[in-house]
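Enquirer: Below: one structure in structure tokens.
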Amino acid sequence: MKRSISPHHTFLGLFFTFLLLVNIVSCTKEQITPADLVLMNGEIFTADVDNPSAKALAITGNKLTAVLSENARAEKYIGDKTKVIDLEGKFVTPGIIDGHVHFNRAGSLIIDANLMTVSDEKGLREEIGRVAELLEQEEWITRGLWGAYEQWTLGDAGDDTSGKAEAWRPNRSMIDDLTPDNPCLLCRFDYKEWLVNTAALKAAGMENEKIEGMEIGGDGKPTGVIFGETPALKRLRQAVKPKSHKRMLDENRAALKALREAGVVEIHDIATPEQTKRFIELQESGELTCRVWLRPDLSRGAKLKEQGLTIGLHPKSKQKDMWLRYGALKGYIDGIMGTHGALFFEPYDDQPGNYGNWRRHTSDDPEFKIGNMEKMYNLIKVGIEGRFVPNVHAIGTRGVAEMLDLYERLKNEGEDLTGYRVIHAQVIRSQDFSRFKALNVIAEVNPYHISDDMRWMEERIGHERCKGAYAFKSLLDNGAILSFGSDWPGTSAALYHMHPKYLIYAAVARKTLKGTPEEGWFPEQRISVEDALKAYTINNAYATFEEDIRGSLEEGKLADITIFDRNLLTIPEDEILQAEVTHTIIDGKIVYKKD
């Protein structure tokens, strides 16, 4: 029998249907929690292949909670306590990661003497006078590296190498009045000559002695010039008073300030044990404003393994830490181009018979034998046992080839070479470009070297070999992964900029800071700004096995962000050098804001 439906039941059915629909709508309505920080009205480069650009970002805690293509959508993330930054069209990138820094030396060129561009009395007095004002009595002023740019002024392309007939030589009389209480032991960039003041001679008990290696003036007294590895230099070195702990920390603070002002959120540091201790101290005092991926010397692999330390672990707590942790182990194949030390298959054009130098495979290797790649292999194997990856310095064509050969040997033995790097990879033979991808080895390169080194590169290795120098486009075309690093503060023969604008400009324009040569040095090796930014961000996160949590601006990743005052993707290449960083954000916190 068919059951009839009463009006009462019909009403109840409609009522419950209405409630169900309301519940469905409320459940499907977007639930948005207000963010801690919202960036709006920007031109955002995300380094995310699937979502390459955006207009706004929402940050909660230390992570990105939204990457938005429309500013209107960002308003939903703004609550009563949300900090909002109107970018006004500024250019946003993932936080800049510097893949190669010598942090313990960087601060000394800010606070201690930097004489690299000095080659006259006026410049010497200005710099030594500046440093003396900063120091306590009896503190030493050391190094300096005068004359590095005496033949070529900073920014030259090397087309005018007339230079001076004789290298400039200072005298202690030029600085004695500035440094009565601060002994000085200053060196020329090639370490062949040194300058000491009267205070240093007194500290070493040498003011009235004539010792081998001292230059004596016409008046029969020391001029203050000391020549390279001699008894006089040995006596003076023994008298040098080490820098105080406070002074070293002040140098570190100066370097950290420079990094955050340049938009750098992380450095891969060639770490020393002493500097690692200072990093820990700065972190514990809340002063570490930059992430640090430590790269200790290759010789320390066994000891670190014994201590239970490996990649990703904090040096003190031995726990995972995203601010301060161990990374790779650094080794060495050859020297540097600036001193004719990079290792080549053919000799230098300007020094016939000199093929460069095999270098000690570690910084403290007393048993090193020239060209002992078997020892390098064994050191790397020890590191692998401790779950470290090797990152090895190789500059000349032979240095690079030897390192690739060794990596190939490891790959053939079954090793996964992810994260392995050839550091610098400065001059490469044509047949070696494709090997980087084949081996899955990262090319860690230093673009600003182009702008600085071109002043003498062709003079030293000739036009033909220079076709493989800093050949970033050839590396990319062959599928290699590029990692950008500044090599800050530089070598004894070169002063390297750390601000990312200099590295990006060098890679894109291949010119000196003066804009020469007009068409770029070997212009076929120019790369795009986008590729340069990837080498500075997501690629460097990949190089530390952390591309899944940082290195690009994607929802859920760490909020490490660099903001520039202009769009590097659209401005003329020469304008890149005028770009400035306006904000640096690390872990969701603003660590630098340009006034």
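Scheme for the structure tokens: letters A, B, ... for chains in order shown; per-chain residue numbers from 1; ligand numbers from 1 in order shown.
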Pick out the residues sitting within 10 Å of Asn51 of chain A, and hand them over as number ranges by chain; count only C-alpha atoms, and ignore anything fewer than 6 positions along from it in its own chain.
Expert: A: 45, 67-69, 553-554
Enquirer: Go ahead and save the residues from that selection, with N, CA and C atoms, as a CSV table (one decimal), in the first residue's frame.
Expert:
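Dumped to again_0.csv:
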```
chain,number,residue,atom,x,y,z
A,45,PHE,N,59.9,37.0,-8.0
A,45,PHE,CA,60.5,35.9,-8.7
A,45,PHE,C,60.6,34.7,-7.8
A,67,VAL,N,51.6,32.0,-1.6
A,67,VAL,CA,52.3,32.7,-2.7
A,67,VAL,C,51.2,33.1,-3.6
A,68,LEU,N,50.9,34.4,-3.8
A,68,LEU,CA,49.7,34.8,-4.4
A,68,LEU,C,49.9,35.6,-5.7
A,69,SER,N,49.1,35.3,-6.7
A,69,SER,CA,49.2,36.0,-8.0
A,69,SER,C,48.5,37.3,-8.0
A,553,LEU,N,60.3,30.3,-3.5
A,553,LEU,CA,59.2,30.9,-2.7
A,553,LEU,C,58.0,30.0,-3.0
A,554,GLU,N,57.7,29.0,-2.2
A,554,GLU,CA,56.6,28.1,-2.3
A,554,GLU,C,56.0,27.9,-1.0
```
Enquirer: Quick check for you: according to DSSP on this backbone, which residues of segment 36-176 of chain A are classed as helix (DSSP H, G or I)? Reply as a ChimeraX atom specification.
Expert: /A:71-77,103-106,108-111,121-134,172-174
Enquirer: Which residue is closest to Leu304 of chain A? Choose from A:Lys318, A:Arg235, A:Lys243, A:Lys90 and count only C-alpha atoms.
Expert: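 Answer, going by the shortest atom-to-atom distance: A:Lys318.
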Enquirer: Residues of segment 63-105 of chain A in strand (DSSP E or B) according to DSSP, as a list of chain:residue names?
Expert: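 Here are the strand (DSSP E or B) residues of segment 63-105 of chain A: A:Lys63, A:Leu64, A:Thr65, A:Ala66, A:Val67, A:Leu68, A:Lys83, A:Val84, A:Ile85, A:Asp86, A:Phe91, A:Val92, A:Thr93, A:Pro94, A:Ile96, A:Ile97, A:Asp98, A:Gly99, A:His100, A:Val101.
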Enquirer: My list of candidates is A:Ala47, A:Ala35, A:Val581, A:Val92. Which is closest to Ile538 of chain A when distances are computed with only C-alpha atoms?
Expert: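 Between A:Ala47, A:Ala35, A:Val581, A:Val92, the residue approaching Ile538 of chain A most closely is A:Ala47.
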Enquirer: Determine the nearest neighbour of Met498 of chain A from the options A:Arg172, A:Lys375, A:Arg260, A:Arg387, counting only C-alpha atoms.
Expert: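 Selected residue with least distance to Met498 of chain A: A:Arg260.
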Enquirer: Nearest to Tyr505 of chain A: which of A:Ile563, A:Ala438, A:Ile590, A:Leu577 is it, counting only C-alpha atoms?
Expert: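 Smallest separation from Tyr505 of chain A among the options: A:Leu577.
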Enquirer: Near segment 567-569 of chain A, within 8 Å and counting only C-alpha atoms, which residues show up once chain neighbours fewer than 3 positions away are dropped, as a list in words?
Expert: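 In the requested format, the answer is Glu43, Lys90, Phe91, Val529, Glu530, Phe564, Ile576 and Ala579 of chain A.
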Enquirer: When distances are computed from only C-alpha atoms, which of A:Arg125, A:Arg188, A:Arg359, A:Lys81 shows the smallest separation from Ile395 of chain A?
Expert: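 Selected residue with least distance to Ile395 of chain A: A:Arg359.
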Enquirer: Find the residues around Arg278 of chain A up to 12 Å (only C-alpha atoms counted), leave out those fewer than 2 positions away in its own chain, and share them as a list in words.
Expert: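 Answer for this query is Phe103, Asn104, His245, Lys246, Arg247, Met248, Leu249, Asp250, Glu251, Asn252, Arg253, Ala271, Thr272, Pro273, Glu274, Gln275, Thr276, Ile280, Glu281, Leu282, Gln283, Glu284, Ser285, Glu287, Leu288, Val292, Pro315, Lys316 and Leu324 of chain A.
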Enquirer: Point out the residue among A:Lys593, A:Arg291, A:Lys501, A:Lys277 with the least atom-to-atom distance to Glu575 of chain A, counting only C-alpha atoms.
Expert: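 Closest residue, counting only C-alpha atoms: A:Lys501.
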Enquirer: For Gly301 of chain A, find every residue with an atom within 7 Å (counting only C-alpha atoms), except residues of its own chain fewer than 3 positions away, and show them as a ChimeraX atom specification.
Expert: /A:298,304-305,382-383,386
Enquirer: What would the file look like if the residues just selected were written as a PDB file, in the first residue's frame with N, CA and C atoms?
Expert:
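Once everything was written out, this is selection_9.pdb:
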```
ATOM      1  N   LEU A 298      89.023  18.910   4.616  1.00  0.00           N
ATOM      2  CA  LEU A 298      88.902  17.492   4.301  1.00  0.00           C
ATOM      3  C   LEU A 298      89.634  16.605   5.307  1.00  0.00           C
ATOM      4  N   LEU A 304      85.687  14.291  12.928  1.00  0.00           N
ATOM      5  CA  LEU A 304      84.272  14.639  13.027  1.00  0.00           C
ATOM      6  C   LEU A 304      83.415  13.387  13.140  1.00  0.00           C
ATOM      7  N   LYS A 305      83.794  12.351  12.398  1.00  0.00           N
ATOM      8  CA  LYS A 305      83.066  11.090  12.481  1.00  0.00           C
ATOM      9  C   LYS A 305      83.157  10.514  13.884  1.00  0.00           C
ATOM     10  N   VAL A 382      87.219   8.506   3.586  1.00  0.00           N
ATOM     11  CA  VAL A 382      87.014   8.656   5.027  1.00  0.00           C
ATOM     12  C   VAL A 382      85.842   9.593   5.295  1.00  0.00           C
ATOM     13  N   GLY A 383      85.771  10.692   4.539  1.00  0.00           N
ATOM     14  CA  GLY A 383      84.656  11.612   4.692  1.00  0.00           C
ATOM     15  C   GLY A 383      83.324  10.971   4.356  1.00  0.00           C
ATOM     16  N   GLY A 386      81.883   9.046   7.051  1.00  0.00           N
ATOM     17  CA  GLY A 386      81.244   9.896   8.050  1.00  0.00           C
ATOM     18  C   GLY A 386      80.008  10.592   7.523  1.00  0.00           C
TER      19      GLY A 386
END
```
Enquirer: Quick one: everything within 10 Å of Asn357 of chain A, counting only C-alpha atoms, minus sequence neighbours fewer than 2 positions away in the same chain. Send it as a list in words.
Expert: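 The residues satisfying every condition are Ile333, Asp334, Gly335, Ile336, Thr339, His340, Gly341, Ala342, Leu343, Phe344, Asn354, Tyr355, Arg359, Arg360, Ile370, Gly371, Gly396 and Gly399 of chain A.
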Enquirer: Can you tell me, as a PyMOL selection string, what residues are no more than 12 Å from segment 202-219 of chain A when counting only C-alpha atoms, ignoring any on the same chain fewer than 4 positions away?
Expert: chain A and resi 138-140+169-173+180-185+192-198+223-241
Enquirer: Do you have the atom CA of Glu464 of chain A-atom CA of Gly490 of chain A distance handy?
Expert: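 Between these atoms lies a distance of 26.0 Å.
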Enquirer: Would you work out the distance separating atom CA of Ala200 of chain A from atom CA of Gly338 of chain A, expressed in Å to one decimal?
Expert: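 Value for the atom CA of Ala200 of chain A-atom CA of Gly338 of chain A distance: 29.4 Å.
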Enquirer: How far is it from atom CA of Tyr470 of chain A to atom CA of Glu519 of chain A, in Å with one decimal?
Expert: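 Taking atom CA of Tyr470 of chain A as the start and atom CA of Glu519 of chain A as the end point, the length is 16.2 Å.
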